[in-house]
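Enquirer: Input file: work04.tsv. Contents: TSV, C-alpha atoms.
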chain	number	residue	atom	x	y	z
A	1	MET	CA	92.14	122.10	52.22
A	2	SER	CA	95.41	123.30	53.32
A	3	THR	CA	98.19	126.36	52.87
A	4	ALA	CA	103.51	126.75	54.16
A	5	LEU	CA	104.83	127.44	57.25
A	6	HIS	CA	108.53	127.69	56.48
A	7	SER	CA	109.39	126.58	59.96
A	8	PRO	CA	112.98	126.00	61.09
A	9	CYS	CA	111.61	122.91	62.81
A	10	GLY	CA	111.48	121.22	59.44
A	11	LYS	CA	115.24	121.23	59.33
A	12	GLN	CA	115.40	118.91	62.33
A	13	PHE	CA	114.77	115.79	60.25
A	14	THR	CA	118.37	114.80	59.67
A	15	HIS	CA	120.30	111.60	60.14
A	16	ASP	CA	121.83	112.71	63.42
A	17	ARG	CA	118.65	114.06	64.98
A	18	PRO	CA	116.31	112.03	67.18
A	19	PHE	CA	113.11	113.30	65.63
A	20	CYS	CA	111.77	115.56	62.94
A	21	TYR	CA	108.74	117.57	62.21
A	22	GLY	CA	108.18	120.25	59.66
A	23	SER	CA	106.14	121.89	56.95
A	24	ALA	CA	108.58	123.79	54.77
A	25	ILE	CA	109.00	122.60	51.18
A	26	GLU	CA	111.55	119.95	51.86
A	27	PHE	CA	112.43	116.28	51.71
A	28	ARG	CA	114.16	114.16	54.31
A	29	ARG	CA	114.79	110.44	54.78
A	30	HIS	CA	115.78	108.36	57.74
A	31	SER	CA	116.11	104.66	58.46
A	32	VAL	CA	115.03	103.84	61.98
A	33	GLY	CA	115.48	100.33	63.32
A	34	ARG	CA	114.08	98.15	60.57
A	35	LEU	CA	111.98	100.87	58.99
A	36	ASP	CA	112.84	102.81	55.85
A	37	ILE	CA	110.99	106.11	56.29
A	38	ALA	CA	110.74	109.13	54.02
A	39	ALA	CA	108.65	112.28	54.35
A	40	GLN	CA	108.03	115.09	51.90
A	41	THR	CA	105.73	118.12	51.94
A	42	ASP	CA	105.07	120.67	49.22
A	43	LYS	CA	102.74	123.66	48.95
A	44	GLY	CA	101.49	122.52	45.54
A	45	ARG	CA	100.89	124.72	42.52
A	46	ARG	CA	97.83	126.68	43.56
A	47	LYS	CA	98.41	127.65	47.20
A	48	ALA	CA	100.62	130.48	48.38
A	49	ASN	CA	101.40	128.82	51.71
A	50	ASN	CA	101.72	125.34	53.17
A	51	GLU	CA	99.45	124.58	56.13
A	52	ASP	CA	100.42	120.90	56.24
A	53	PHE	CA	102.69	119.64	59.00
A	54	TYR	CA	104.22	116.20	59.59
A	55	GLY	CA	106.15	114.44	62.33
A	56	VAL	CA	108.47	111.43	62.34
A	57	PHE	CA	109.56	110.44	65.84
A	58	ARG	CA	111.85	107.49	66.33
A	59	GLU	CA	113.03	105.22	69.12
A	60	ASP	CA	115.93	107.41	70.24
A	61	THR	CA	113.81	110.51	70.79
A	62	PRO	CA	115.01	112.20	74.01
A	63	ASP	CA	113.12	111.19	77.18
A	64	LEU	CA	111.15	108.61	75.24
A	65	ALA	CA	108.86	106.54	77.45
A	66	PHE	CA	106.14	105.50	75.03
A	67	PHE	CA	107.75	102.69	73.02
A	68	GLU	CA	111.04	100.80	72.81
A	69	GLU	CA	111.09	99.90	69.12
A	70	GLY	CA	109.38	101.54	66.19
A	71	ALA	CA	108.30	105.04	65.27
A	72	LEU	CA	105.42	107.48	65.57
A	73	LEU	CA	104.36	109.03	62.26
A	74	CYS	CA	102.01	112.02	62.09
A	75	VAL	CA	100.36	114.08	59.36
A	76	ALA	CA	98.21	117.18	59.93
A	77	ASP	CA	96.44	119.37	57.38
A	78	GLY	CA	95.42	122.84	58.58
A	79	LEU	CA	91.92	123.80	57.53
A	80	GLY	CA	92.03	126.07	54.49
A	81	GLY	CA	90.21	129.35	54.89
A	82	HIS	CA	90.49	129.19	58.67
A	83	VAL	CA	92.59	131.55	60.75
A	84	GLY	CA	95.97	130.01	61.57
A	85	GLY	CA	95.61	126.64	59.85
A	86	GLU	CA	99.39	126.30	59.81
A	87	ILE	CA	99.49	127.02	63.55
A	88	ALA	CA	96.83	124.41	64.28
A	89	SER	CA	98.60	121.66	62.34
A	90	LYS	CA	101.94	122.38	63.99
A	91	LEU	CA	100.36	122.57	67.45
A	92	ALA	CA	98.57	119.25	66.98
A	93	VAL	CA	101.75	117.41	65.93
A	94	SER	CA	103.73	119.02	68.75
A	95	ASN	CA	101.16	117.73	71.26
A	96	LEU	CA	101.64	114.19	70.00
A	97	ARG	CA	105.39	114.61	70.31
A	98	ASP	CA	104.83	115.44	73.98
A	99	MET	CA	102.96	112.13	74.35
A	100	LEU	CA	106.20	110.26	73.72
A	101	ARG	CA	107.63	111.49	76.99
A	102	THR	CA	104.88	109.72	78.95
A	103	GLY	CA	104.04	106.06	79.47
A	104	ARG	CA	101.16	104.37	77.76
A	105	ASN	CA	99.08	104.37	80.93
A	106	ASP	CA	99.47	108.09	81.50
A	107	VAL	CA	95.96	108.90	80.34
A	108	ALA	CA	93.51	111.23	81.97
A	109	SER	CA	90.11	109.77	81.23
A	110	GLU	CA	88.62	106.90	83.21
A	111	GLU	CA	87.32	105.41	79.96
A	112	ALA	CA	90.85	105.23	78.55
A	113	GLU	CA	92.20	103.77	81.79
A	114	GLU	CA	89.57	101.03	81.76
A	115	GLU	CA	90.24	100.21	78.11
A	116	SER	CA	94.01	100.13	78.40
A	117	ASN	CA	95.51	96.68	78.96
A	118	GLY	CA	99.06	97.91	79.21
A	119	THR	CA	100.05	96.70	75.74
A	120	SER	CA	98.01	98.68	73.21
A	121	PRO	CA	98.95	102.33	72.77
A	122	LEU	CA	95.53	103.21	71.32
A	123	PRO	CA	93.92	104.45	74.57
A	124	ALA	CA	96.82	106.81	75.17
A	125	MET	CA	96.90	107.89	71.52
A	126	ARG	CA	93.18	108.64	71.58
A	127	GLU	CA	93.56	110.62	74.78
A	128	TRP	CA	96.48	112.66	73.41
A	129	VAL	CA	94.58	113.51	70.23
A	130	LYS	CA	91.83	114.81	72.51
A	131	ARG	CA	94.45	116.81	74.40
A	132	ALA	CA	95.66	118.24	71.10
A	133	ASN	CA	92.07	119.17	70.33
A	134	ALA	CA	91.75	120.90	73.69
A	135	SER	CA	95.01	122.78	73.10
A	136	VAL	CA	93.99	124.10	69.68
A	137	PHE	CA	90.46	124.85	70.89
A	138	GLN	CA	91.78	126.85	73.85
A	139	THR	CA	94.12	128.76	71.54
A	140	ASN	CA	91.07	129.66	69.47
A	141	GLN	CA	89.32	130.91	72.59
A	142	ASP	CA	92.32	133.01	73.61
A	143	LEU	CA	93.44	134.42	70.28
A	144	VAL	CA	90.83	134.10	67.54
A	145	LYS	CA	88.32	136.88	68.11
A	146	SER	CA	86.79	136.93	64.65
A	147	GLY	CA	86.64	134.77	61.56
A	148	LYS	CA	86.64	131.00	61.39
A	149	PRO	CA	88.42	129.18	64.23
A	150	MET	CA	91.62	127.43	63.28
A	151	GLY	CA	91.61	123.65	63.04
A	152	THR	CA	93.40	120.72	61.48
A	153	THR	CA	93.12	117.11	60.50
A	154	LEU	CA	95.35	114.78	62.50
A	155	LEU	CA	96.51	111.30	61.58
A	156	ALA	CA	98.91	109.43	63.87
A	157	VAL	CA	100.38	105.96	63.28
A	158	MET	CA	102.43	104.11	65.89
A	159	VAL	CA	104.50	101.50	64.03
A	160	GLU	CA	105.73	98.55	66.08
A	161	PRO	CA	107.41	95.34	64.88
A	162	LYS	CA	104.19	93.46	64.05
A	163	LYS	CA	101.38	96.00	64.33
A	164	ALA	CA	100.45	99.52	63.39
A	165	PHE	CA	98.17	101.48	65.72
A	166	ILE	CA	96.28	104.33	64.08
A	167	ALA	CA	94.35	107.33	65.41
A	168	ASN	CA	92.57	109.61	62.96
A	169	VAL	CA	90.48	112.77	62.82
A	170	GLY	CA	89.61	114.36	59.47
A	171	ASP	CA	90.33	113.37	55.88
A	172	SER	CA	94.06	112.75	55.87
A	173	ARG	CA	94.48	109.11	54.99
A	174	CYS	CA	96.52	106.02	55.86
A	175	TYR	CA	97.09	103.32	53.23
A	176	HIS	CA	98.49	99.82	53.52
A	177	ILE	CA	100.39	98.50	50.50
A	178	ARG	CA	101.32	94.84	50.14
A	179	ASP	CA	102.54	93.15	46.94
A	180	GLY	CA	101.45	96.16	44.91
A	181	GLU	CA	97.88	96.09	46.25
A	182	ILE	CA	96.59	99.13	48.13
A	183	ILE	CA	94.00	99.37	50.92
A	184	ALA	CA	92.75	102.54	52.58
A	185	ILE	CA	92.80	101.80	56.32
A	186	THR	CA	91.16	105.00	57.54
A	187	GLU	CA	87.78	106.49	56.68
A	188	ASP	CA	87.50	110.12	55.64
A	189	HIS	CA	85.52	112.43	57.89
A	190	SER	CA	84.20	114.54	55.04
A	191	TRP	CA	80.83	115.69	53.80
A	192	VAL	CA	81.03	113.77	50.52
A	193	ASP	CA	82.13	110.60	52.33
A	194	GLU	CA	79.02	110.81	54.52
A	195	GLN	CA	76.86	111.24	51.42
A	196	VAL	CA	78.41	108.09	49.93
A	197	LYS	CA	77.79	106.12	53.15
A	198	MET	CA	74.12	107.18	53.14
A	199	GLY	CA	73.75	106.14	49.50
A	200	LEU	CA	73.06	109.70	48.36
A	201	MET	CA	76.16	109.95	46.20
A	202	SER	CA	78.36	107.49	44.30
A	203	LYS	CA	82.12	107.36	44.85
A	204	ALA	CA	82.61	108.67	41.31
A	205	GLU	CA	80.30	111.61	42.02
A	206	ALA	CA	82.07	112.27	45.33
A	207	ALA	CA	85.45	112.36	43.59
A	208	MET	CA	84.21	115.11	41.25
A	209	ASP	CA	82.16	117.11	43.76
A	210	GLN	CA	83.47	120.58	44.59
A	211	ARG	CA	82.54	120.08	48.27
A	212	LYS	CA	84.93	117.19	48.84
A	213	ASN	CA	87.26	119.42	50.87
A	214	ILE	CA	84.59	120.02	53.54
A	215	VAL	CA	85.49	118.01	56.65
A	216	THR	CA	82.90	116.96	59.21
A	217	ARG	CA	85.40	116.28	61.99
A	218	SER	CA	88.59	118.18	62.87
A	219	VAL	CA	90.94	118.97	65.72
A	220	GLY	CA	90.45	122.28	67.50
A	221	THR	CA	87.24	123.66	66.01
A	222	HIS	CA	84.99	122.20	68.73
A	223	GLU	CA	85.43	121.61	72.45
A	224	THR	CA	85.31	117.82	72.06
A	225	VAL	CA	86.28	115.49	69.24
A	226	GLU	CA	85.65	111.85	68.34
A	227	VAL	CA	88.76	109.89	67.39
A	228	ASP	CA	88.74	106.82	65.13
A	229	THR	CA	91.30	104.16	66.07
A	230	TYR	CA	92.52	101.06	64.27
A	231	THR	CA	94.86	98.14	64.89
A	232	TRP	CA	96.52	96.86	61.71
A	233	HIS	CA	98.73	93.78	61.40
A	234	ILE	CA	101.87	94.24	59.33
A	235	VAL	CA	104.56	91.92	57.98
A	236	PRO	CA	108.03	92.55	56.49
A	237	GLU	CA	108.01	94.32	53.12
A	238	ASP	CA	104.62	95.97	53.83
A	239	VAL	CA	104.46	99.70	53.25
A	240	LEU	CA	102.40	102.31	55.08
A	241	LEU	CA	101.52	105.60	53.40
A	242	LEU	CA	100.26	108.60	55.35
A	243	CYS	CA	99.07	111.51	53.24
A	244	THR	CA	96.94	114.62	53.19
A	245	ASP	CA	94.10	115.11	50.74
A	246	GLY	CA	96.43	117.10	48.50
A	247	LEU	CA	97.66	113.72	47.26
A	248	VAL	CA	94.37	111.80	47.43
A	249	ASN	CA	92.37	114.39	45.47
A	250	MET	CA	95.00	114.65	42.74
A	251	VAL	CA	96.09	111.02	42.35
A	252	PRO	CA	93.65	108.06	42.18
A	253	ASP	CA	94.36	105.01	44.34
A	254	LYS	CA	95.26	102.90	41.30
A	255	ASP	CA	97.95	105.39	40.30
A	256	ILE	CA	99.28	105.55	43.87
A	257	ALA	CA	99.49	101.74	43.84
A	258	GLU	CA	101.33	101.85	40.51
A	259	GLU	CA	104.05	104.05	42.00
A	260	PHE	CA	104.64	101.42	44.68
A	261	ARG	CA	104.67	98.62	42.08
A	262	GLN	CA	107.51	100.43	40.33
A	263	GLY	CA	109.53	99.88	43.49
A	264	GLY	CA	112.32	101.95	44.93
A	265	SER	CA	113.25	103.27	48.32
A	266	ALA	CA	110.80	105.15	50.51
A	267	ALA	CA	112.58	108.32	49.43
A	268	GLU	CA	112.05	107.69	45.72
A	269	ILE	CA	108.39	106.78	46.16
A	270	ALA	CA	107.67	109.86	48.29
A	271	GLN	CA	109.26	112.12	45.69
A	272	ARG	CA	107.38	110.49	42.83
A	273	LEU	CA	104.02	110.79	44.60
A	274	VAL	CA	104.46	114.49	45.31
A	275	HIS	CA	105.64	115.08	41.74
A	276	LEU	CA	102.62	113.20	40.36
A	277	ALA	CA	100.18	115.22	42.47
A	278	ASN	CA	101.73	118.43	41.14
A	279	GLU	CA	101.70	117.11	37.59
A	280	ASN	CA	97.96	116.42	37.96
A	281	GLY	CA	97.25	119.98	39.04
A	282	GLY	CA	98.69	120.42	42.54
A	283	LYS	CA	95.54	122.21	43.73
A	284	ASP	CA	96.38	121.76	47.41
A	285	ASN	CA	99.30	121.27	49.77
A	286	ILE	CA	100.75	117.78	49.46
A	287	THR	CA	102.31	115.80	52.31
A	288	VAL	CA	103.33	112.15	52.26
A	289	VAL	CA	105.08	109.88	54.75
A	290	VAL	CA	106.22	106.51	53.38
A	291	ALA	CA	107.35	103.76	55.76
A	292	THR	CA	108.61	100.39	54.50
A	293	ILE	CA	108.40	97.70	57.19
A	294	SER	CA	111.55	95.62	57.74
A	295	PRO	CA	112.89	95.85	54.18
A	296	SER	CA	115.23	92.97	53.37
A	297	LEU	CA	118.90	93.89	53.15
A	298	PRO	CA	119.18	92.99	49.42
A	299	ARG	CA	116.10	95.08	48.63
A	300	LEU	CA	117.34	98.00	50.70
A	301	VAL	CA	120.80	97.91	49.12
A	302	PHE	CA	119.35	97.52	45.62
A	303	SER	CA	116.91	100.40	46.06
A	304	ARG	CA	119.62	102.67	47.43
A	305	LEU	CA	121.96	101.78	44.54
A	306	ARG	CA	119.20	102.35	42.02
A	307	SER	CA	118.35	105.66	43.64
A	308	PHE	CA	122.01	106.68	43.47
A	309	TRP	CA	122.21	105.61	39.84
A	310	ARG	CA	119.09	107.57	38.88
A	311	ARG	CA	120.47	110.71	40.50
A	312	HIS	CA	124.12	110.38	39.50
A	313	GLY	CA	124.22	107.73	36.75
A	314	ALA	CA	125.31	109.94	33.85
A	315	SER	CA	127.90	111.86	35.87
A	316	THR	CA	129.20	108.58	37.32
A	317	VAL	CA	129.68	107.13	33.83
A	318	TRP	CA	131.59	110.22	32.69
A	319	LEU	CA	133.70	110.15	35.85
A	320	LEU	CA	134.56	106.48	35.31
A	321	LEU	CA	135.41	107.14	31.66
A	322	PHE	CA	137.60	110.05	32.72
A	323	LEU	CA	139.38	107.93	35.34
A	324	LEU	CA	139.83	105.05	32.91
A	325	GLY	CA	141.14	107.45	30.28
A	326	THR	CA	143.54	109.01	32.76
A	327	LEU	CA	144.77	105.63	33.98
A	328	GLY	CA	145.08	104.43	30.40
A	329	GLY	CA	147.09	107.50	29.48
A	330	LEU	CA	149.37	107.05	32.48
A	331	ALA	CA	149.84	103.36	31.68
A	332	LEU	CA	150.58	104.13	28.04
A	333	GLY	CA	153.04	106.85	29.01
A	334	TYR	CA	154.75	104.50	31.45
A	335	TYR	CA	154.94	101.77	28.80
A	336	LEU	CA	156.35	104.13	26.18
A	337	GLY	CA	158.84	105.41	28.77
A	338	LEU	CA	160.07	101.85	29.41
A	339	ILE	CA	160.50	101.26	25.68
A	340	ASP	CA	162.41	104.48	25.36
A	341	VAL	CA	164.68	103.60	28.31
A	342	PHE	CA	165.47	100.14	26.94
A	343	HIS	CA	165.95	101.54	23.44
A	344	LEU	CA	168.47	104.13	24.65
A	345	ARG	CA	170.32	101.75	27.01
A	346	PRO	CA	173.81	100.94	25.62
A	347	GLU	CA	174.60	97.33	24.65
Show this structure as structure tokens.

Expert:
Amino acid sequence: MSTALHSPCGKQFTHDRPFCYGSAIEFRRHSVGRLDIAAQTDKGRRKANNEDFYGVFREDTPDLAFFEEGALLCVADGLGGHVGGEIASKLAVSNLRDMLRTGRNDVASEEAEEESNGTSPLPAMREWVKRANASVFQTNQDLVKSGKPMGTTLLAVMVEPKKAFIANVGDSRCYHIRDGEIIAITEDHSWVDEQVKMGLMSKAEAAMDQRKNIVTRSVGTHETVEVDTYTWHIVPEDVLLLCTDGLVNMVPDKDIAEEFRQGGSAAEIAQRLVHLANENGGKDNITVVVATISPSLPRLVFSRLRSFWRRHGASTVWLLLFLLGTLGGLALGYYLGLIDVFHLRPE
């Protein structure tokens, strides 16, 4: 459903930056607090552009008022075939970034105010997704005079020390991985998913149906939008995966789970998932955000060392052999020099 906005914003996801968001074909990694987070997006093999957009916002984001510890992770997939899908996805993520500058109780609707107990961010997250919808919808009214209105899926996950709070519109998906087992937390808002719920289509039939990219709910295409929210309990070593349907439609859940069973850092897993989706056809844009919760220090060090070895193992071996050979040659030359000196020294 998607198509790449080679935005300079994507270059903001670096180790010395407070936040990142982007959609260019790129990969970045950052450890925030006790989270190992990696994000990667790729246009795939069939699309000319990338309409996906992601955001990773951490606890030292400037003017942050929304949380003290954790991170906000976002994935948006611009609607393919719609005018300005890449604009819609970027606009939606940017609106959620603006949410971070407000407190949790800074919500406009009376319903959200009544629901908020001052601890859960879900009322505010729901309200800000609705604000993102209003922003994209108004942009459609102002700029899109013909053709399909632009829109996007939007998945946002607020990760805190013991819980993940999730807001979702569309068919981007959030998974929870624990001990190699995978669970889809969110439900897809798609035509085939509704057929499965009504018993009119099996999951196997839905996976093969050509209409599986038709979404029934999106941000910006209508004046109002319904937002699904979830509260999910997490423990150390859990992993959260946010992804667009460019991964889901190319890689079955069992194969996604297998990539996590193989282990590795968030960076390695993100790269492998995108590579696998492309190997299986890459029919759509692919975006993944991988967040490991409180990885143990030994695991983190081991995964980083293994990652380094996989990237530089052969060159490291040759470098060590060269250094050992050089040191050996110097030692041998020094030894032979000593023998020569003692041999030539007069009695």

Enquirer: What is the distance, in Å and to one decimal place, between atom CA of Lys145 of chain A and atom CA of Glu226 of chain A?

Expert: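 Between these atoms lies a distance of 25.2 Å.
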
Enquirer: Each residue of segment 213-279 of chain A with at least one atom at most 8 Å from segment 148-161 of chain A should appear once, together with its nearest atom pair and the corresponding distance in Å (one decimal); atoms considered: all atoms listed in the file; ordering: chain, then increasing residue number; output as a Markdown table.

Expert:
| residue | atom | partner | partner_atom | distance |
| --- | --- | --- | --- | --- |
| A:Arg217 | CA | A:Thr153 | CA | 7.9 |
| A:Ser218 | CA | A:Thr153 | CA | 5.2 |
| A:Val219 | CA | A:Thr152 | CA | 5.2 |
| A:Gly220 | CA | A:Gly151 | CA | 4.8 |
| A:Thr221 | CA | A:Gly151 | CA | 5.3 |
| A:Ile234 | CA | A:Pro161 | CA | 7.9 |
| A:Leu242 | CA | A:Leu155 | CA | 7.8 |

Enquirer: As a PDB file with C-alpha atoms, in the frame of the given file, please: the residues near segment 249-260 of chain A (cut-off 10 Å, only C-alpha atoms, same-chain neighbours under 3 positions excluded).

Expert:
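Everything below was put into around.pdb:
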ATOM      1  CA  TYR A 175      97.090 103.320  53.230  1.00  0.00           C
ATOM      2  CA  HIS A 176      98.490  99.820  53.520  1.00  0.00           C
ATOM      3  CA  ILE A 177     100.390  98.500  50.500  1.00  0.00           C
ATOM      4  CA  ARG A 178     101.320  94.840  50.140  1.00  0.00           C
ATOM      5  CA  ASP A 179     102.540  93.150  46.940  1.00  0.00           C
ATOM      6  CA  GLY A 180     101.450  96.160  44.910  1.00  0.00           C
ATOM      7  CA  GLU A 181      97.880  96.090  46.250  1.00  0.00           C
ATOM      8  CA  ILE A 182      96.590  99.130  48.130  1.00  0.00           C
ATOM      9  CA  ILE A 183      94.000  99.370  50.920  1.00  0.00           C
ATOM     10  CA  ALA A 184      92.750 102.540  52.580  1.00  0.00           C
ATOM     11  CA  ALA A 207      85.450 112.360  43.590  1.00  0.00           C
ATOM     12  CA  MET A 208      84.210 115.110  41.250  1.00  0.00           C
ATOM     13  CA  LYS A 212      84.930 117.190  48.840  1.00  0.00           C
ATOM     14  CA  ASN A 213      87.260 119.420  50.870  1.00  0.00           C
ATOM     15  CA  VAL A 239     104.460  99.700  53.250  1.00  0.00           C
ATOM     16  CA  LEU A 241     101.520 105.600  53.400  1.00  0.00           C
ATOM     17  CA  THR A 244      96.940 114.620  53.190  1.00  0.00           C
ATOM     18  CA  ASP A 245      94.100 115.110  50.740  1.00  0.00           C
ATOM     19  CA  GLY A 246      96.430 117.100  48.500  1.00  0.00           C
ATOM     20  CA  GLY A 263     109.530  99.880  43.490  1.00  0.00           C
ATOM     21  CA  GLY A 264     112.320 101.950  44.930  1.00  0.00           C
ATOM     22  CA  SER A 265     113.250 103.270  48.320  1.00  0.00           C
ATOM     23  CA  ALA A 266     110.800 105.150  50.510  1.00  0.00           C
ATOM     24  CA  GLU A 268     112.050 107.690  45.720  1.00  0.00           C
ATOM     25  CA  ILE A 269     108.390 106.780  46.160  1.00  0.00           C
ATOM     26  CA  ALA A 270     107.670 109.860  48.290  1.00  0.00           C
ATOM     27  CA  ARG A 272     107.380 110.490  42.830  1.00  0.00           C
ATOM     28  CA  LEU A 273     104.020 110.790  44.600  1.00  0.00           C
ATOM     29  CA  VAL A 274     104.460 114.490  45.310  1.00  0.00           C
ATOM     30  CA  LEU A 276     102.620 113.200  40.360  1.00  0.00           C
ATOM     31  CA  ALA A 277     100.180 115.220  42.470  1.00  0.00           C
ATOM     32  CA  ASN A 278     101.730 118.430  41.140  1.00  0.00           C
ATOM     33  CA  GLU A 279     101.700 117.110  37.590  1.00  0.00           C
ATOM     34  CA  ASN A 280      97.960 116.420  37.960  1.00  0.00           C
ATOM     35  CA  GLY A 281      97.250 119.980  39.040  1.00  0.00           C
ATOM     36  CA  GLY A 282      98.690 120.420  42.540  1.00  0.00           C
ATOM     37  CA  LYS A 283      95.540 122.210  43.730  1.00  0.00           C
ATOM     38  CA  ASP A 284      96.380 121.760  47.410  1.00  0.00           C
ATOM     39  CA  ILE A 286     100.750 117.780  49.460  1.00  0.00           C
TER      40      ILE A 286
END

Enquirer: So how far away is atom CA of Arg131 of chain A from atom CA of Glu69 of chain A, in Å?

Expert: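 So the answer is 24.3 Å.
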
Enquirer: Rounded to one decimal in Å, what is the spacing between atom CA of Thr292 of chain A and atom CA of Arg34 of chain A?

Expert: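 If I compute the distance from atom CA of Thr292 of chain A to atom CA of Arg34 of chain A, I get 8.5 Å.
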
Enquirer: Have a look at A:His275, A:His222, A:Arg173, A:Lys162 and name the one nearest to Ile293 of chain A; count only C-alpha atoms.

Expert: A:Lys162

Enquirer: With distances taken over only C-alpha atoms, which of A:Ala92, A:Ala124, A:Glu237, A:Val75 is nearest to Thr139 of chain A?

Expert: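 So, comparing all the options, the nearest one is A:Ala92.
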
Enquirer: Please identify all polymer residues within 7 Å of Asp228 of chain A, counting only C-alpha atoms, omitting same-chain residues fewer than 4 positions from it, and present them as an mmCIF file with C-alpha atoms, keeping the file's coordinate frame.

Expert:
data_model
loop_
_atom_site.group_PDB
_atom_site.id
_atom_site.type_symbol
_atom_site.label_atom_id
_atom_site.label_comp_id
_atom_site.auth_asym_id
_atom_site.auth_seq_id
_atom_site.Cartn_x
_atom_site.Cartn_y
_atom_site.Cartn_z
ATOM 1 C CA ALA A 167 94.350 107.330 65.410
ATOM 2 C CA ASN A 168 92.570 109.610 62.960
ATOM 3 C CA VAL A 169 90.480 112.770 62.820
#

Enquirer: Counting all atoms listed in the file, figure out which residue out of A:Gly103, A:Gly170, A:Gly147, A:Gly78 gets nearest to Tyr54 of chain A.

Expert: A:Gly78

Enquirer: So, counting all atoms listed in the file, which residue among A:Ala132, A:Val227, A:Val290, A:Ile87 is closest to Val144 of chain A?

Expert: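 Looking at the shortest contact to Val144 of chain A, the residue is A:Ile87.
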
Enquirer: Using all atoms listed in the file, which of A:Ser202, A:Asn95, A:Asn140, A:Ser172 sits nearest Asp188 of chain A?

Expert: A:Ser172

Enquirer: Considering only C-alpha atoms, can you say which of A:Leu35, A:Leu332, A:Leu100, A:Met125 comes closest to Val235 of chain A?

Expert: A:Leu35
